[in-house]
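Since the structure comes first, as structure tokens, the remarks are kept for the end.
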Amino acid sequence: MHKTKEIFINGFALFSMFFGAGNLILPPFLGKNAGNLWFWVTIGFFITAVFIPMIGILAHAKLQGTMYDFGKKVSPTFSLIYCFVVYTICIALPAPRTASVTHEMAIAPYFSNSSSLVTSTIYFGLVFLFTMNRSKVLNLLGKFLTPLIILILLAIIFVGFFTAPDTITPTTLKAPFVDGLLEGYQTFDAIASIVVGGVLVISMNFNTNTTFEEKKELITKAGFIAGVGLLIIYAGLIYNGVLFSSTFSESANRTEILNSLSNQTLGNIGSVFLSVLVALACFTTAVGIITGTADYFKGINNNSQKVFTITAIISCLLGIAVGQFDVKYIINIALPALMFIYPITIVLIILNVLPEKYTSTLVFKIVVGITFLFSIPDFLGFIINPNYLIELKNNIPFANHNLGWVLPAILSFVFANLIKSKKVNSN
């Protein structure tokens with residue numbers, strides 16, 4: 001009984017780590033655009049926003065280490081650089097996005113003349129104070145905040161099923177499955193799985209008698225609970241976006257759609273309550289990201305408190321600068337970074353969860369190297385004129401869908417294992 005309770009407690013804790021408030025704005029928007037082809041969009045979204053992150057937790061259950069352990073088989077230097085890039089992306093994009101979501105959902109609708117720069121300045125000023133003091137208030141907020149948001153979202157989903165209009169708008173997406181897949185990148189959940197999974201491993205209150213296999217089982221089951229929770233919420237919000245698609249304006253952005261959906265299902269009071277809770281959830285997410293980043297740089301600099309403080313200051317200043325822009329702009333500027341780091345992250349997650357006999361150091365080096373090489377055109381497509389890449393992308397399978405790395409990664413995995421097998425047989 002105690003073991004089951006512990007699994008559920010850690011499962012809900014993991015869910016709250018994944019469940020950044022910024023993620024709430026993605027599924028309804030996707031559903032609105034998915035229309036009658038919502039099923040394929042949902043499957044694509046599940047792969048990158050639920051399935052891959054859960055595999056990331058399985059990898060953590062197997063490794064029972066930190067994010068550094070995911071890339072060390074490629075090389076220690078690669079792993080250090082990878083960690084640096086991931087943490088830099090976290091403080092430059094998802095952390096500032098929380099301020100932008102807060103402004104658009106909790107400030108702008110009620111204060112029409114409000115300034116996003118003022119919001120982000122006050123917001124990250126408070127984030128810095130909480131980061132430096134690590135107040136227990138955050139833990140209290142986390143315990144009560146996540147259940148409240150889940151209850152409100154389930155209420156929106158449930159009421160929406162019975163009150164939605166009969167009309168479903170036809171899809172505006174040309175490749176629904178791929179669009180769902182790439183929108184899942186924007187949740188940052190795959191990256192979150194390797195960042196927060198390590199926190200879970202360290203934080204789980206294991207007895208001294210708990211064996212490696214028992215820990216593995218507990219982490220795996222906690223990951224399954226978190227994954228089921230994400231699946232239910234994401235699926236419900238996507239489908240509600242589909243059901244209410246005819247009520248949204250063509251130009252409605254992600255936050256406007258979520259606000260409209262909550263207003264149509266729960267009324268003004270419910271919408272206000274959701275806005276406040278989302279703002280608080282955004283705040284705790286930002287504090288978590290910046291504290292984790294500052295801890296990392298402190299750790300690689302002889303536990304220097306000065307480095308921790310400097311990292312927190314730089315992170316908050318970056319948050320103010322980027323957080324003043326609207327959510328759509330931040331999502332757009334995130335695309336190049338995601339096209340670069342997400343393929344490598346997905347490959348590292350999968351390689352670390354596979355049996356050891358298929359994932360030697362040689363396999364890691366070849367597969368990660370090939371993935372990096374073939375993700376370059378996808379990355380460049382968002383920072384230079386895409387017409388320059390037409391001929392190149394036409395010669396790479398799936399490259400026109402920004403998935404040119406997938407087939408080369410699979411083939412290089414097979415090829416690397418054949419080389420390894422041949423070397424073993426020759427000896």
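Residues in the structure tokens are named by chain (A, B, ... in the order shown) and by number from 1 within that chain; ligands are numbered from 1 in the order shown.
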
Next on the checklist: Run DSSP on the backbone and tell me which residues of region 184-307 of chain A come out as helix (DSSP H, G or I); list them as a PyMOL selection string.
Outcome noted: chain A and resi 184-185+189-203+212-243+245-247+254-299+305-307

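All residues of protein, DNA or RNA that reach within 7 Å of region 282-298 of chain A, judged by only C-alpha atoms and not counting those fewer than 4 positions away in the chain, are Gly20, Ala21, Gly22, Tyr87, Cys90, Ile91, Ala95, Thr98, Thr102, Val127, Phe130, Thr131, Leu138, Val278, Asn302, Asn303, Ser304, Gln305, Val307, Phe308, Thr311, Ala312 and Ser315 of chain A.
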
Next on the checklist: List the spatial neighbours of Glu250 (chain A) as a PyMOL selection string - criterion: any atom at most 12 Å away, only C-alpha atoms, same-chain residues fewer than 3 positions off excluded.
Outcome noted: chain A and resi 29+32-33+169+172+245-247+253-254+256-257

Include C-alpha atoms and write out the residues we just selected as an mmCIF file, in the first residue's frame.
data_model
loop_
_atom_site.group_PDB
_atom_site.id
_atom_site.type_symbol
_atom_site.label_atom_id
_atom_site.label_comp_id
_atom_site.auth_asym_id
_atom_site.auth_seq_id
_atom_site.Cartn_x
_atom_site.Cartn_y
_atom_site.Cartn_z
ATOM 1 C CA PHE A 29 -4.893 25.976 -31.132
ATOM 2 C CA LYS A 32 -8.812 24.556 -34.060
ATOM 3 C CA ASN A 33 -6.582 24.117 -37.124
ATOM 4 C CA THR A 169 -14.384 23.670 -39.345
ATOM 5 C CA THR A 172 -6.349 24.235 -42.688
ATOM 6 C CA SER A 245 -13.364 25.694 -33.996
ATOM 7 C CA SER A 246 -16.251 27.514 -35.669
ATOM 8 C CA THR A 247 -16.484 29.976 -32.752
ATOM 9 C CA ASN A 253 -3.757 33.326 -31.392
ATOM 10 C CA ARG A 254 -3.033 30.497 -28.946
ATOM 11 C CA GLU A 256 -6.957 33.953 -27.170
ATOM 12 C CA ILE A 257 -8.260 30.515 -28.121
#

Item to check | Contact residues around Val118 (chain A) with only C-alpha atoms at 12 Å, ignoring same-chain residues under 4 positions, as a list in words | outcome: Ala99, Ser100, His103, Ile107, Ala108, Asn113, Ser114, Ile122, Tyr123, Phe124, Gly125, Ile320, Ala321, Gly323, Gln324 and Phe325 of chain A

Suppose we keep N, CA and C atoms; can you now write the selection as a short mmCIF file (atom, residue, chain, number, x, y, z; two decimals), in the first residue's frame?
data_model
loop_
_atom_site.label_atom_id
_atom_site.label_comp_id
_atom_site.auth_asym_id
_atom_site.auth_seq_id
_atom_site.Cartn_x
_atom_site.Cartn_y
_atom_site.Cartn_z
N ALA A 99 6.38 34.39 -19.03
CA ALA A 99 6.02 35.79 -18.78
C ALA A 99 5.06 36.29 -19.84
N SER A 100 5.31 35.89 -21.09
CA SER A 100 4.45 36.31 -22.19
C SER A 100 3.04 35.73 -22.05
N HIS A 103 1.22 37.58 -19.30
CA HIS A 103 0.73 38.89 -19.73
C HIS A 103 -0.53 38.74 -20.60
N ILE A 107 -3.05 39.46 -17.59
CA ILE A 107 -2.91 40.91 -17.46
C ILE A 107 -3.65 41.66 -18.58
N ALA A 108 -3.30 41.42 -19.82
CA ALA A 108 -3.85 42.15 -20.96
C ALA A 108 -5.38 42.11 -21.06
N ASN A 113 -4.48 48.77 -21.20
CA ASN A 113 -3.34 49.66 -21.48
C ASN A 113 -2.03 49.15 -20.87
N SER A 114 -2.03 47.91 -20.44
CA SER A 114 -0.84 47.36 -19.77
C SER A 114 0.31 47.20 -20.74
N ILE A 122 8.55 43.19 -13.86
CA ILE A 122 8.07 42.85 -12.51
C ILE A 122 8.12 41.34 -12.31
N TYR A 123 7.68 40.61 -13.33
CA TYR A 123 7.61 39.15 -13.29
C TYR A 123 8.98 38.54 -12.98
N PHE A 124 10.00 38.92 -13.76
CA PHE A 124 11.33 38.33 -13.56
C PHE A 124 12.07 38.93 -12.38
N GLY A 125 11.64 40.10 -11.92
CA GLY A 125 12.16 40.62 -10.66
C GLY A 125 11.74 39.70 -9.51
N ILE A 320 13.44 39.13 -19.19
CA ILE A 320 12.79 40.43 -19.38
C ILE A 320 12.83 40.84 -20.85
N ALA A 321 14.00 40.65 -21.47
CA ALA A 321 14.18 41.06 -22.87
C ALA A 321 13.29 40.27 -23.82
N GLY A 323 10.73 38.08 -22.83
CA GLY A 323 9.38 37.92 -22.31
C GLY A 323 8.43 39.05 -22.66
N GLN A 324 8.95 40.19 -23.10
CA GLN A 324 8.06 41.31 -23.45
C GLN A 324 7.38 41.09 -24.81
N PHE A 325 7.89 40.13 -25.60
CA PHE A 325 7.28 39.86 -26.91
C PHE A 325 6.08 38.93 -26.74
#

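Distance annotation: of A:Leu335, A:Ile225, A:Met132, A:Ala409, the residue with the minimal separation from Leu14 (chain A) is A:Ile225; atom set is only C-alpha atoms.
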
Checklist entry - Hey, can you check how far CA of Thr265 (chain A) sits from CA of Pro176 (chain A)? => result 26.5 Å

Item to check | Length of the CA of Gly31 (chain A) to CA of Asn394 (chain A) vector [Å] | outcome: 29.7 Å

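The residue that comes closest to Ser79 (chain A), out of A:Leu418, A:Ala190, A:Met67, A:Ala252 and on the basis of only C-alpha atoms, is A:Met67.
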
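The shortest atom-to-atom distance to Thr146 (chain A), with only C-alpha atoms taken into account, belongs to A:Leu280 out of A:Leu280, A:Ile55, A:Ile168, A:Ile219.
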
Item to check | Residue neighbourhood Leu154 (chain A), 10 Å, only C-alpha atoms, exclusion window fewer than 3 positions, as number ranges by chain | outcome: A: 148-151, 157-160, 232-233, 236-237

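Separating CA of Gly11 (chain A) from CA of Gly197 (chain A) is a distance of 11.3 Å.
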
Checklist entry - For Phe340 (chain A), which residue out of A:Val86, A:Leu354, A:Ala416, A:Ala59 is the nearest one, using only C-alpha atoms? => result A:Val86

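Counting only C-alpha atoms and comparing A:Ile330, A:Leu80, A:Leu317, A:Val414, the residue that lies closest to Thr359 (chain A) is A:Val414.
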